[in-house]
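**Student:** Have a peek at structure-v7.txt (compact mmCIF, C-alpha atoms).
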```
# COMPACT_ATOMS: atom_id res chain seq x y z
CA MET A 1 22.69 -101.65 -27.32
CA THR A 2 25.80 -100.21 -28.93
CA GLU A 3 25.24 -99.08 -32.48
CA PRO A 4 27.85 -99.71 -35.17
CA PRO A 5 29.82 -96.67 -36.25
CA ASP A 6 28.93 -94.55 -39.23
CA ILE A 7 32.13 -94.59 -41.24
CA LYS A 8 32.81 -91.88 -43.78
CA ARG A 9 35.24 -93.34 -46.26
CA ALA A 10 38.05 -91.42 -47.88
CA ALA A 11 37.64 -90.64 -51.54
CA ALA A 12 40.76 -92.56 -52.52
CA GLY A 13 43.01 -95.13 -50.91
CA PRO A 14 46.78 -95.33 -51.01
CA SER A 15 48.43 -96.08 -54.34
CA LEU A 16 50.79 -98.98 -54.95
CA ALA A 17 53.68 -96.53 -54.98
CA GLN A 18 52.69 -95.28 -51.53
CA ILE A 19 52.41 -98.81 -50.21
CA ALA A 20 55.80 -99.69 -51.67
CA GLY A 21 57.28 -96.62 -50.02
CA ARG A 22 56.13 -97.91 -46.63
CA VAL A 23 57.44 -101.44 -47.21
CA LEU A 24 60.68 -101.37 -49.20
CA ASN A 25 64.03 -100.42 -47.67
CA ARG A 26 62.39 -99.74 -44.29
CA PRO A 27 62.76 -101.81 -41.12
CA LEU A 28 59.49 -103.59 -40.42
CA LEU A 29 58.19 -105.36 -37.34
CA LEU A 30 56.13 -107.72 -39.47
CA HIS A 31 55.40 -111.43 -39.64
CA PRO A 32 57.36 -112.88 -42.63
CA ASP A 33 54.26 -114.45 -44.22
CA LYS A 34 52.64 -111.01 -44.41
CA ALA A 35 55.83 -109.53 -45.86
CA ASP A 36 55.89 -112.23 -48.57
CA LEU A 37 52.26 -111.51 -49.44
CA ILE A 38 52.89 -107.77 -49.79
CA LEU A 39 55.94 -108.31 -51.98
CA HIS A 40 54.02 -110.76 -54.16
CA VAL A 41 51.28 -108.17 -54.72
CA LEU A 42 53.77 -105.40 -55.46
CA GLN A 43 56.00 -107.46 -57.75
CA GLY A 44 55.65 -106.27 -61.32
CA ARG A 45 52.91 -103.79 -60.45
CA ILE A 46 54.94 -100.77 -59.35
CA GLY A 47 55.02 -98.57 -62.39
CA ILE A 48 55.60 -94.92 -62.98
CA GLU A 49 52.21 -93.63 -61.91
CA PRO A 50 51.06 -90.32 -60.47
CA LEU A 51 50.59 -90.33 -56.74
CA GLN A 52 46.97 -90.15 -55.71
CA ALA A 53 46.12 -87.19 -53.59
CA VAL A 54 45.92 -87.80 -49.85
CA THR A 55 42.64 -86.26 -48.84
CA PRO A 56 41.99 -84.69 -45.42
CA GLU A 57 39.78 -87.66 -44.50
CA THR A 58 42.82 -89.93 -44.35
CA ASN A 59 44.15 -88.19 -41.27
CA ARG A 60 41.17 -87.74 -38.98
CA PHE A 61 38.67 -89.81 -37.03
CA VAL A 62 35.32 -90.08 -38.74
CA GLY A 63 33.80 -93.20 -37.18
CA THR A 64 31.93 -93.04 -33.89
CA TYR A 65 30.04 -95.28 -31.48
CA ARG A 66 26.94 -94.17 -29.65
CA ARG A 67 26.95 -95.51 -26.12
CA ASP A 68 24.20 -96.52 -23.72
CA ASN A 69 24.36 -93.17 -21.91
CA GLY A 70 23.89 -91.26 -25.18
CA SER A 71 27.48 -90.10 -25.49
CA VAL A 72 29.48 -90.63 -28.65
CA GLY A 73 33.04 -91.93 -28.84
CA SER A 74 35.52 -93.55 -31.19
CA MET A 75 35.35 -97.02 -29.62
CA ARG A 76 32.84 -99.42 -28.14
CA VAL A 77 32.39 -99.36 -24.37
CA GLU A 78 30.63 -102.25 -22.63
CA ASN A 79 30.00 -102.20 -18.89
CA GLY A 80 32.92 -99.87 -18.30
CA VAL A 81 35.30 -101.73 -20.62
CA ALA A 82 36.62 -99.84 -23.65
CA ILE A 83 37.18 -102.34 -26.47
CA LEU A 84 39.94 -101.12 -28.76
CA PRO A 85 40.33 -103.27 -31.91
CA ILE A 86 43.79 -103.54 -33.46
CA VAL A 87 43.01 -105.40 -36.67
CA GLY A 88 45.24 -105.38 -39.75
CA SER A 89 48.75 -104.28 -40.62
CA LEU A 90 50.14 -101.42 -38.54
CA VAL A 91 51.20 -98.09 -40.05
CA ASN A 92 52.51 -95.03 -38.29
CA ARG A 93 50.07 -92.36 -39.48
CA GLY A 94 46.62 -92.29 -40.98
CA ALA A 95 42.96 -92.06 -40.18
CA TRP A 96 40.97 -94.36 -37.97
CA ILE A 97 41.32 -97.10 -40.54
CA GLY A 98 40.45 -100.62 -39.57
CA ALA A 99 39.61 -104.05 -40.90
CA SER A 100 37.87 -102.73 -44.03
CA SER A 101 41.15 -101.31 -45.32
CA GLY A 102 43.45 -103.93 -43.86
CA LEU A 103 45.41 -101.24 -42.00
CA VAL A 104 45.33 -99.68 -38.57
CA SER A 105 47.43 -96.69 -37.54
CA TYR A 106 49.46 -96.10 -34.39
CA GLU A 107 48.04 -92.58 -34.51
CA GLY A 108 44.53 -93.94 -34.24
CA ILE A 109 45.39 -96.40 -31.48
CA ALA A 110 46.99 -93.61 -29.46
CA ALA A 111 43.96 -91.33 -29.84
CA GLN A 112 41.62 -94.08 -28.65
CA LEU A 113 43.85 -94.93 -25.69
CA ARG A 114 43.87 -91.30 -24.58
CA GLU A 115 40.10 -91.11 -24.97
CA ALA A 116 39.66 -94.23 -22.83
CA GLU A 117 42.03 -92.90 -20.18
CA ALA A 118 40.12 -89.62 -19.91
CA ASP A 119 36.63 -91.18 -19.96
CA PRO A 120 35.29 -91.47 -16.38
CA ASP A 121 32.90 -94.22 -17.51
CA VAL A 122 35.79 -96.45 -18.59
CA ARG A 123 37.28 -98.66 -15.87
CA ALA A 124 39.46 -100.87 -18.07
CA VAL A 125 40.76 -101.12 -21.64
CA LEU A 126 40.75 -104.28 -23.74
CA LEU A 127 43.07 -104.44 -26.75
CA ASP A 128 41.38 -106.82 -29.21
CA ILE A 129 44.37 -107.75 -31.39
CA ASP A 130 44.48 -109.52 -34.74
CA SER A 131 47.55 -108.13 -36.49
CA PRO A 132 50.71 -109.46 -38.14
CA GLY A 133 52.59 -106.28 -37.19
CA GLY A 134 53.79 -103.52 -39.47
CA GLU A 135 55.99 -100.44 -39.42
CA ALA A 136 58.63 -100.08 -36.75
CA THR A 137 58.14 -96.31 -36.68
CA GLY A 138 55.49 -95.46 -34.12
CA MET A 139 55.29 -98.82 -32.36
CA PHE A 140 57.56 -97.94 -29.46
CA VAL A 141 55.70 -94.73 -28.62
CA THR A 142 52.38 -96.58 -28.78
CA ALA A 143 53.61 -99.32 -26.46
CA LYS A 144 54.83 -96.67 -24.03
CA LEU A 145 51.37 -95.08 -24.04
CA VAL A 146 49.79 -98.47 -23.28
CA SER A 147 52.12 -98.76 -20.28
CA THR A 148 51.22 -95.25 -19.12
CA VAL A 149 47.46 -95.83 -19.33
CA ASN A 150 47.90 -99.16 -17.55
CA LYS A 151 49.13 -97.29 -14.46
CA THR A 152 45.71 -95.67 -13.98
CA LYS A 153 43.36 -98.18 -15.63
CA PRO A 154 44.06 -101.85 -16.33
CA VAL A 155 44.92 -102.48 -19.98
CA VAL A 156 44.59 -106.11 -21.07
CA ALA A 157 45.56 -107.57 -24.46
CA PHE A 158 43.46 -110.36 -25.97
CA VAL A 159 45.04 -112.07 -28.98
CA ASN A 160 42.17 -112.70 -31.37
CA ASP A 161 43.92 -114.48 -33.10
CA VAL A 162 47.35 -113.06 -34.11
CA ALA A 163 49.70 -110.67 -32.30
CA ALA A 164 52.98 -110.86 -34.18
CA SER A 165 55.98 -108.57 -34.22
CA ALA A 166 54.87 -104.92 -33.78
CA ALA A 167 51.42 -106.04 -32.62
CA TYR A 168 53.07 -108.17 -29.96
CA GLY A 169 55.24 -105.22 -28.99
CA ILE A 170 52.06 -103.26 -28.18
CA ALA A 171 50.55 -106.23 -26.34
CA SER A 172 53.69 -106.72 -24.23
CA ALA A 173 53.09 -103.36 -22.54
CA ALA A 174 49.64 -104.44 -21.29
CA ARG A 175 49.03 -105.78 -17.80
CA ASN A 176 48.20 -109.25 -19.12
CA ILE A 177 48.21 -111.04 -22.46
CA ILE A 178 45.37 -113.52 -22.85
CA VAL A 179 45.20 -116.04 -25.69
CA SER A 180 42.96 -118.71 -27.15
CA PRO A 181 44.24 -122.23 -27.87
CA THR A 182 44.96 -121.18 -31.47
CA SER A 183 46.28 -117.66 -30.88
CA MET A 184 49.64 -116.94 -32.54
CA VAL A 185 52.07 -114.65 -30.72
CA GLY A 186 55.74 -113.74 -31.00
CA SER A 187 57.80 -113.04 -34.13
CA ILE A 188 59.96 -110.68 -32.07
CA GLY A 189 62.31 -109.62 -34.83
CA VAL A 190 62.96 -107.09 -37.58
CA VAL A 191 62.90 -107.49 -41.35
CA LEU A 192 64.07 -105.12 -44.08
CA THR A 193 63.45 -105.91 -47.76
CA HIS A 194 65.40 -104.59 -50.74
CA LEU A 195 64.34 -105.24 -54.34
CA ASP A 196 67.00 -105.30 -57.03
CA ARG A 197 65.08 -104.46 -60.22
CA SER A 198 68.12 -104.08 -62.46
CA GLY A 199 67.39 -107.29 -64.38
CA GLU A 200 63.77 -106.31 -64.97
CA LEU A 201 64.80 -102.87 -66.24
CA GLU A 202 67.49 -104.36 -68.48
CA ASP A 203 64.92 -106.64 -70.12
CA ARG A 204 62.83 -103.56 -70.86
CA GLY A 205 65.81 -101.65 -72.22
CA VAL A 206 65.82 -99.16 -69.36
CA LYS A 207 69.09 -98.03 -67.82
CA PRO A 208 68.65 -95.56 -64.94
CA THR A 209 71.31 -93.01 -64.03
CA LEU A 210 71.41 -91.58 -60.52
CA ILE A 211 72.86 -88.09 -60.17
CA HIS A 212 73.20 -87.16 -56.51
CA ALA A 213 75.09 -85.18 -53.91
CA GLY A 214 76.14 -86.95 -50.74
CA ALA A 215 77.75 -90.38 -50.87
CA HIS A 216 74.85 -92.10 -49.09
CA LYS A 217 72.00 -90.21 -50.73
CA VAL A 218 70.88 -93.14 -52.89
CA ASP A 219 71.85 -96.03 -50.58
CA GLY A 220 69.52 -98.95 -51.13
CA HIS A 221 68.20 -97.82 -54.52
CA PRO A 222 66.30 -100.53 -56.46
CA PHE A 223 68.29 -100.21 -59.71
CA GLY A 224 71.10 -102.54 -58.71
CA PRO A 225 72.31 -104.92 -56.00
CA LEU A 226 73.32 -103.68 -52.57
CA SER A 227 76.99 -102.98 -52.04
CA ASP A 228 78.68 -104.63 -49.06
CA ALA A 229 78.97 -101.28 -47.28
CA VAL A 230 75.29 -100.41 -47.72
CA ARG A 231 74.24 -103.91 -46.70
CA ALA A 232 76.32 -103.58 -43.52
CA ASP A 233 74.74 -100.19 -42.74
CA LEU A 234 71.22 -101.57 -43.20
CA GLN A 235 72.04 -104.62 -41.07
CA ALA A 236 73.32 -102.35 -38.31
CA GLU A 237 70.07 -100.36 -38.45
CA VAL A 238 68.04 -103.55 -38.21
CA MET A 239 70.06 -104.78 -35.21
CA LYS A 240 69.64 -101.45 -33.42
CA ILE A 241 65.87 -101.64 -33.75
CA TYR A 242 65.95 -105.31 -32.76
CA ASP A 243 67.80 -104.47 -29.53
CA GLN A 244 65.20 -101.81 -28.73
CA PHE A 245 62.40 -104.26 -29.50
CA VAL A 246 63.85 -106.93 -27.19
CA GLY A 247 64.28 -104.34 -24.43
CA LEU A 248 60.71 -103.14 -24.83
CA VAL A 249 59.25 -106.65 -24.51
CA ALA A 250 61.53 -107.55 -21.60
CA GLU A 251 60.43 -104.42 -19.72
CA GLY A 252 56.75 -105.02 -20.36
CA ARG A 253 57.01 -108.71 -19.43
CA THR A 254 59.28 -108.23 -16.41
CA GLY A 255 59.37 -111.36 -14.28
CA ARG A 256 57.80 -113.48 -17.01
CA ILE A 257 60.47 -113.60 -19.72
CA SER A 258 64.04 -112.30 -19.85
CA SER A 259 65.93 -110.55 -22.62
CA GLU A 260 68.00 -113.68 -23.15
CA ALA A 261 64.91 -115.85 -23.50
CA ILE A 262 63.37 -113.37 -25.94
CA ARG A 263 66.46 -113.48 -28.14
CA ALA A 264 66.48 -117.27 -27.90
CA THR A 265 63.08 -117.40 -29.62
CA GLU A 266 64.85 -116.21 -32.79
CA ALA A 267 61.61 -114.48 -33.87
CA ARG A 268 59.58 -117.70 -33.76
CA THR A 269 55.82 -117.63 -33.25
CA TYR A 270 54.02 -119.76 -30.67
CA LEU A 271 50.46 -121.01 -30.35
CA GLY A 272 48.25 -120.87 -27.25
CA ALA A 273 49.70 -122.99 -24.46
CA ASP A 274 53.19 -122.89 -25.97
CA ALA A 275 53.11 -119.09 -25.83
CA ILE A 276 52.19 -119.26 -22.15
CA ALA A 277 54.99 -121.75 -21.47
CA GLN A 278 57.48 -119.38 -23.13
CA GLY A 279 56.34 -116.47 -20.97
CA LEU A 280 54.92 -114.61 -23.98
CA ALA A 281 51.32 -114.87 -22.69
CA ASP A 282 49.67 -115.27 -19.29
CA ARG A 283 46.58 -117.45 -19.61
CA MET A 284 43.86 -118.77 -21.91
CA ALA A 285 40.28 -117.51 -21.97
CA SER A 286 37.56 -116.48 -24.38
CA LEU A 287 36.93 -112.88 -25.36
CA GLU A 288 33.58 -112.98 -23.58
CA ASP A 289 35.20 -114.21 -20.36
CA VAL A 290 37.80 -111.44 -20.46
CA ILE A 291 35.17 -108.74 -21.01
CA ALA A 292 33.03 -110.19 -18.22
CA ALA A 293 35.98 -110.22 -15.81
CA LEU A 294 36.96 -106.65 -16.59
CA SER A 295 33.32 -105.55 -16.35
CA GLN A 296 33.04 -106.54 -12.69
CA PRO A 297 32.17 -103.44 -10.63
CA PRO A 298 34.27 -102.46 -7.61
CA SER A 299 33.63 -104.77 -4.67
CA GLY A 300 33.28 -101.85 -2.26
CA ALA A 301 35.52 -100.20 0.29
CA SER A 302 38.05 -102.39 2.03
CA PRO A 303 37.94 -102.87 5.81
CA GLN A 304 39.68 -100.02 7.57
CA ARG A 305 42.89 -100.89 9.34
CA LYS A 306 43.36 -100.18 13.00
CA GLY A 307 45.24 -96.96 13.55
CA GLY A 308 43.95 -94.80 10.72
CA ASN A 309 41.68 -94.45 7.71
CA MET A 310 42.82 -95.53 4.29
CA THR A 311 42.19 -92.72 1.83
CA LYS A 312 43.59 -94.39 -1.29
CA THR A 313 42.06 -97.13 -3.38
CA THR A 314 43.13 -100.59 -2.21
CA GLN A 315 43.21 -103.93 -3.92
CA ALA A 316 39.81 -104.86 -2.55
CA GLU A 317 38.34 -101.91 -4.45
CA ALA A 318 39.83 -102.99 -7.77
CA PRO A 319 37.81 -105.01 -10.30
CA ALA A 320 37.43 -108.54 -9.01
CA SER A 321 39.55 -110.37 -11.55
CA ASP A 322 43.09 -111.53 -11.92
CA VAL A 323 43.59 -109.25 -14.93
CA SER A 324 43.53 -106.10 -12.82
CA ALA A 325 45.44 -105.48 -9.61
CA ILE A 326 46.36 -102.81 -7.08
CA SER A 327 48.41 -100.04 -8.64
CA PRO A 328 52.06 -99.54 -7.57
CA ALA A 329 51.20 -96.21 -5.96
CA ASP A 330 48.37 -97.73 -3.87
CA LEU A 331 50.56 -100.68 -2.90
CA GLN A 332 53.30 -98.33 -1.68
CA ALA A 333 50.75 -96.32 0.30
CA ALA A 334 49.54 -99.48 2.03
CA VAL A 335 53.11 -100.54 2.83
CA ASP A 336 53.92 -97.11 4.27
CA ALA A 337 50.79 -97.21 6.42
CA SER A 338 51.71 -100.64 7.74
CA ARG A 339 55.21 -99.48 8.61
CA THR A 340 53.83 -96.48 10.50
CA GLU A 341 51.49 -98.68 12.51
CA ALA A 342 54.25 -101.14 13.28
CA HIS A 343 56.45 -98.35 14.58
CA ALA A 344 53.63 -96.95 16.73
CA ALA A 345 52.96 -100.42 18.20
CA GLY A 346 56.32 -100.28 19.93
CA VAL A 347 59.90 -100.42 18.78
CA THR A 348 61.04 -102.10 21.99
CA ALA A 349 59.04 -105.25 21.38
CA GLY A 350 60.43 -105.41 17.85
CA LYS A 351 64.01 -105.20 19.13
CA ALA A 352 63.48 -108.04 21.58
CA GLU A 353 61.84 -110.22 18.97
CA ALA A 354 64.60 -109.51 16.44
CA THR A 355 67.32 -110.32 18.97
CA ALA A 356 65.67 -113.63 19.82
CA ARG A 357 65.32 -114.47 16.14
CA ILE A 358 68.98 -113.72 15.39
CA LYS A 359 70.12 -115.82 18.35
CA SER A 360 67.92 -118.74 17.27
CA ILE A 361 69.39 -118.71 13.75
CA LEU A 362 73.03 -118.39 14.81
CA THR A 363 72.80 -121.14 17.47
CA ALA A 364 70.73 -123.63 15.46
CA PRO A 365 72.34 -127.05 14.85
CA GLU A 366 72.03 -126.47 11.10
CA THR A 367 74.35 -123.45 11.38
CA GLU A 368 77.42 -125.61 12.03
CA GLY A 369 79.67 -125.40 9.00
CA ARG A 370 77.40 -122.80 7.45
CA GLU A 371 78.21 -119.84 9.67
CA ALA A 372 78.55 -117.36 6.80
CA GLN A 373 75.15 -118.24 5.35
CA ALA A 374 73.55 -118.08 8.81
CA LEU A 375 74.91 -114.60 9.43
CA VAL A 376 73.43 -113.33 6.14
CA LEU A 377 70.05 -114.92 6.87
CA ALA A 378 70.02 -113.47 10.39
CA LEU A 379 71.06 -109.91 9.57
CA GLU A 380 70.09 -109.31 5.95
CA THR A 381 66.70 -111.04 5.67
CA GLU A 382 63.42 -111.22 7.58
CA MET A 383 63.33 -115.03 7.35
CA THR A 384 62.06 -116.84 10.47
CA ALA A 385 64.35 -119.09 12.46
CA ALA A 386 62.43 -122.17 11.30
CA ASP A 387 62.67 -121.22 7.62
CA SER A 388 66.33 -120.30 8.01
CA ALA A 389 67.00 -123.75 9.45
CA LYS A 390 65.45 -125.34 6.36
CA VAL A 391 67.57 -123.20 4.04
CA LEU A 392 70.74 -123.94 5.98
CA ALA A 393 70.02 -127.67 6.06
CA ALA A 394 69.75 -127.66 2.25
CA SER A 395 72.97 -125.63 1.84
CA PRO A 396 76.41 -127.24 1.50
CA LYS A 397 78.78 -126.89 4.41
CA ALA A 398 81.95 -124.91 3.97
CA SER A 399 85.02 -126.96 3.17
CA ALA A 400 87.56 -127.50 5.88
CA ALA A 401 89.85 -124.94 4.29
CA THR A 402 87.23 -122.23 4.27
CA SER A 403 85.40 -122.67 7.58
CA ILE A 404 85.46 -119.75 10.00
CA ALA A 405 87.20 -121.77 12.72
CA ASP A 406 90.00 -122.88 10.40
CA ARG A 407 90.51 -119.41 9.01
CA ALA A 408 90.85 -118.14 12.57
CA ALA A 409 93.32 -120.89 13.41
CA GLN A 410 95.41 -120.10 10.34
CA GLU A 411 95.70 -116.40 11.01
CA THR A 412 99.10 -116.81 12.69
CA GLU A 413 100.46 -118.38 9.53
CA LEU A 414 99.52 -115.42 7.38
CA GLY A 415 102.27 -113.28 8.87
CA ALA A 416 102.51 -109.75 10.29
CA GLU A 417 100.40 -110.68 13.34
CA THR A 418 101.45 -111.11 16.94
CA PRO A 419 99.90 -113.34 19.61
CA ALA A 420 98.45 -110.21 21.20
CA ASP A 421 96.22 -109.82 18.11
CA HIS A 422 94.48 -113.13 18.72
CA ARG A 423 91.47 -113.71 20.86
CA ASN A 424 90.12 -117.01 22.04
CA ARG A 425 86.92 -118.49 20.67
CA SER A 426 84.71 -117.21 23.48
CA GLU A 427 85.96 -113.66 22.90
CA ARG A 428 85.24 -113.99 19.18
CA ASN A 429 81.73 -115.25 19.89
CA ALA A 430 81.08 -112.39 22.29
CA ALA A 431 82.25 -109.85 19.73
CA GLY A 432 80.08 -111.45 17.07
CA TRP A 433 77.02 -111.33 19.33
CA ALA A 434 77.65 -107.70 20.17
CA LYS A 435 77.90 -106.80 16.49
CA ALA A 436 74.73 -108.74 15.61
CA ILE A 437 72.70 -107.13 18.41
CA THR A 438 73.99 -103.65 17.54
CA GLN A 439 72.98 -104.10 13.88
CA ALA A 440 69.56 -105.47 14.87
CA ASN A 441 68.93 -102.53 17.22
CA ALA A 442 69.99 -100.09 14.52
CA ARG A 443 67.49 -101.58 12.08
CA PHE A 444 64.59 -101.11 14.49
CA SER A 445 65.53 -97.69 15.84
```
For the structure just supplied, provide its representation as C-alpha cells.

**Tutor:**
Amino acid sequence: MTEPPDIKRAAAGPSLAQIAGRVLNRPLLLHPDKADLILHVLQGRIGIEPLQAVTPETNRFVGTYRRDNGSVGSMRVENGVAILPIVGSLVNRGAWIGASSGLVSYEGIAAQLREAEADPDVRAVLLDIDSPGGEATGMFVTAKLVSTVNKTKPVVAFVNDVAASAAYGIASAARNIIVSPTSMVGSIGVVLTHLDRSGELEDRGVKPTLIHAGAHKVDGHPFGPLSDAVRADLQAEVMKIYDQFVGLVAEGRTGRISSEAIRATEARTYLGADAIAQGLADRMASLEDVIAALSQPPSGASPQRKGGNMTKTTQAEAPASDVSAISPADLQAAVDASRTEAHAAGVTAGKAEATARIKSILTAPETEGREAQALVLALETEMTAADSAKVLAASPKASAATSIADRAAQETELGAETPADHRNRSERNAAGWAKAITQANARFS
C-alpha cells in the first residue's frame, strides 16, 4: 500500500506583494473566475510591507512516496502507472507545492515527468488535473516535455474536474484527454490585468513621482491609467502569447480540432460531452477506469511475420487500452518491414496487378465525363477499381465546355497549330495508355 508523503513545509509562504507581482501586469493563462478571486483578495491589502524571505525549502522537492518495491519517489505509482497531480494555480518556479498551498509549479511538474520517464517500473503517466491555469511563463516548455515523454511512454490527462487555460495547454500535449460528465475544459485565451490605484492614493493624500531612465521603464505602473500607447503594447504582447497558445493546442490535438476551431471558442469553457463534441477531449471515464486501463500489462509478443523477425515493440505489445498506442517509430518500422516483404514477394506480379487495376478504372462506365478524376484515382492513389467506381459515380461530370473530348476538338481554334499536330482519338487513347503503364511500372520498379 502506498504511503502518503512526508511533507516538510517551508517556514514562510509568499507575501501578498509577491503574489501581486505574479498576477498584475503579466499575461496569464488563467480562468477569469480565478483571476477575479485573486484580485478581490489583493484589493486594498497590498501595502508597503517588507518582503518575506524565500527560504531554500521553497525551491526543492521535500515530499516523497514509498512504493511497493521499497523505493522512494516524488509521486505515487500504482501498477506501473505514475500518477502526477496538477492541483491548484500554476506558477513557473517553486517547490513541490500542491493542494495544501493552492499552487503547483511547472518546475515541479517537469521534475516529476522526468522521473517517471526514467523509472523502468513506470509504463504510463497519468496527469490528474484540477487547475484553473496560471502563469504563461513556463507552460509552453512543460507542455513540450509532456509531448516528449509521450513518445516513449503514454501520457494521459484526466480532468478531475477542471483543466482551464494553462492547465488545458499542458493536457493538450497528452495522448488523450479524458473527462467526467462535469469536467470543465477550455478557456484557451490570455488575460492581463492592470490596476489603476491613482484614485485610492489621492484619497490618502499620496502622490507618487516616478523618476526613471528609458521611456518604457515604468510602462504599466499602478499610479495612473494606461496610456493608449502602453495599452497597445500590452495588447500586442497578449495577442502574441495567444497565437502561441492556439498553435500549441492545435499541434497537440492534431486531427481533433483545428486552429480556426480553437479561435472560434473565444476562450469559452465546455463541460463533459460538450468538450468531446468540440474536439477538446476524447472520451468520458472515471479515474479508476483510466488507471485500470493504463495498468494493463503487456499482452505478450506479437505473432512473427513471415519473412523475418520483428525486433521492435509492436502494437500488440502495448498496454491493452485505447489510451495507449503503437509509437510512431514502431509504426514506421512495421511499415518498412511490410514494404520489404512485398518487394521480395515479386515486383512482376505487382506490375501486372497495377496495370489491370488502372485499366479497370479508366474503362469503367462511371469514368465517362469524369476522365480527369479517373486518371488521378488510377495513378495517384491505391484505391481499388470498385471503390474508384463509387467515387466517380458520386462526382459531377465535367461540363461540355471542359470535357477532354471537347478540349481536343477545340484545339484547332486556339491558333498556332497545324493539322499535322492533331492525332485521332485512337492515337490519343494509345498514348494515354502508354503513359499510364509507364508510370505504373515506374512506381513498382

**Student:** Quick one: pull the distance between CA of Ala110 (chain A) and CA of Val191 (chain A), Å, one decimal.

**Tutor:**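 Computed distance, CA of Ala110 (chain A) to CA of Val191 (chain A), equals 24.2 Å.
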
**Student:** What's the 8 Å shell around Ser89 (chain A), counting all atoms listed in the file, without same-chain residues fewer than 6 positions away, as a PDB file with C-alpha atoms, in the coordinates of the input?

**Tutor:**
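After the write, result_39.pdb holds the following:
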```
ATOM      1  CA  GLY A 102      43.450-103.930 -43.860  1.00  0.00           C
ATOM      2  CA  LEU A 103      45.410-101.240 -42.000  1.00  0.00           C
ATOM      3  CA  VAL A 104      45.330 -99.680 -38.570  1.00  0.00           C
ATOM      4  CA  SER A 131      47.550-108.130 -36.490  1.00  0.00           C
ATOM      5  CA  PRO A 132      50.710-109.460 -38.140  1.00  0.00           C
ATOM      6  CA  GLY A 133      52.590-106.280 -37.190  1.00  0.00           C
ATOM      7  CA  GLY A 134      53.790-103.520 -39.470  1.00  0.00           C
TER       8      GLY A 134
END
```

**Student:** For a quick check of your reading of the model, name the residues lying within 10 Å of the coordinate (51.4, -120.2, -22.4), counting all atoms listed in the file, and write them as a PDB file with C-alpha atoms, in the coordinates of the input.

**Tutor:**
```pdb
ATOM      1  CA  ILE A 177      48.210-111.040 -22.460  1.00  0.00           C
ATOM      2  CA  ILE A 178      45.370-113.520 -22.850  1.00  0.00           C
ATOM      3  CA  VAL A 179      45.200-116.040 -25.690  1.00  0.00           C
ATOM      4  CA  SER A 180      42.960-118.710 -27.150  1.00  0.00           C
ATOM      5  CA  PRO A 181      44.240-122.230 -27.870  1.00  0.00           C
ATOM      6  CA  TYR A 270      54.020-119.760 -30.670  1.00  0.00           C
ATOM      7  CA  LEU A 271      50.460-121.010 -30.350  1.00  0.00           C
ATOM      8  CA  GLY A 272      48.250-120.870 -27.250  1.00  0.00           C
ATOM      9  CA  ALA A 273      49.700-122.990 -24.460  1.00  0.00           C
ATOM     10  CA  ASP A 274      53.190-122.890 -25.970  1.00  0.00           C
ATOM     11  CA  ALA A 275      53.110-119.090 -25.830  1.00  0.00           C
ATOM     12  CA  ILE A 276      52.190-119.260 -22.150  1.00  0.00           C
ATOM     13  CA  ALA A 277      54.990-121.750 -21.470  1.00  0.00           C
ATOM     14  CA  GLN A 278      57.480-119.380 -23.130  1.00  0.00           C
ATOM     15  CA  GLY A 279      56.340-116.470 -20.970  1.00  0.00           C
ATOM     16  CA  LEU A 280      54.920-114.610 -23.980  1.00  0.00           C
ATOM     17  CA  ALA A 281      51.320-114.870 -22.690  1.00  0.00           C
ATOM     18  CA  ASP A 282      49.670-115.270 -19.290  1.00  0.00           C
ATOM     19  CA  ARG A 283      46.580-117.450 -19.610  1.00  0.00           C
ATOM     20  CA  MET A 284      43.860-118.770 -21.910  1.00  0.00           C
TER      21      MET A 284
END
```

**Student:** Rounded to one decimal place, report the CA of Gln235 (chain A)-CA of Ala143 (chain A) distance in Å.

**Tutor:**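 Between these atoms lies a distance of 24.1 Å.
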
**Student:** To one decimal place, how far is CA of Leu192 (chain A) from CA of Ala111 (chain A) in Å?

**Tutor:**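 These atoms are spaced 28.2 Å apart.
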
**Student:** Set the distance at 8 Å and use only C-alpha atoms: which residues neighbour region 289-291 of chain A once local chain neighbours fewer than 5 positions away are removed? I'd like the list as a VMD selection string.

**Tutor:** chain A and resid 81 126 158

**Student:** If I put a ball of radius 6 Å at (53.9, -105.8, -20.7) in the file's coordinates, which residues poke into it when counting all atoms listed in the file, written as a short mmCIF file (atom, residue, chain, number, x, y, z; two decimals) with C-alpha atoms, in the coordinates of the input?

**Tutor:**
```
data_model
loop_
_atom_site.label_atom_id
_atom_site.label_comp_id
_atom_site.auth_asym_id
_atom_site.auth_seq_id
_atom_site.Cartn_x
_atom_site.Cartn_y
_atom_site.Cartn_z
CA SER A 172 53.69 -106.72 -24.23
CA ALA A 173 53.09 -103.36 -22.54
CA ALA A 174 49.64 -104.44 -21.29
CA ARG A 175 49.03 -105.78 -17.80
CA GLY A 252 56.75 -105.02 -20.36
CA ARG A 253 57.01 -108.71 -19.43
#
```

**Student:** Which residues come within 12 Å of Asp387 (chain A), counting all atoms listed in the file, excluding same-chain residues fewer than 3 positions away, as a list in words?

**Tutor:**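 That gives Arg357, Ser360, Ile361, Ala364, Glu366, Ala374, Leu377, Ala378, Thr381, Glu382, Met383, Thr384, Lys390, Val391, Leu392, Ala393 and Ala394 of chain A.
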
**Student:** Could you give me, as a ChimeraX atom specification, the residues within 12 Å of Gly169 (chain A), counting all atoms listed in the file and dropping anything in the same chain fewer than 2 positions from it?

**Tutor:** /A:29-30,90,129,131-136,138-147,157,163-167,171-174,177,185-190,242,244-253,262,280
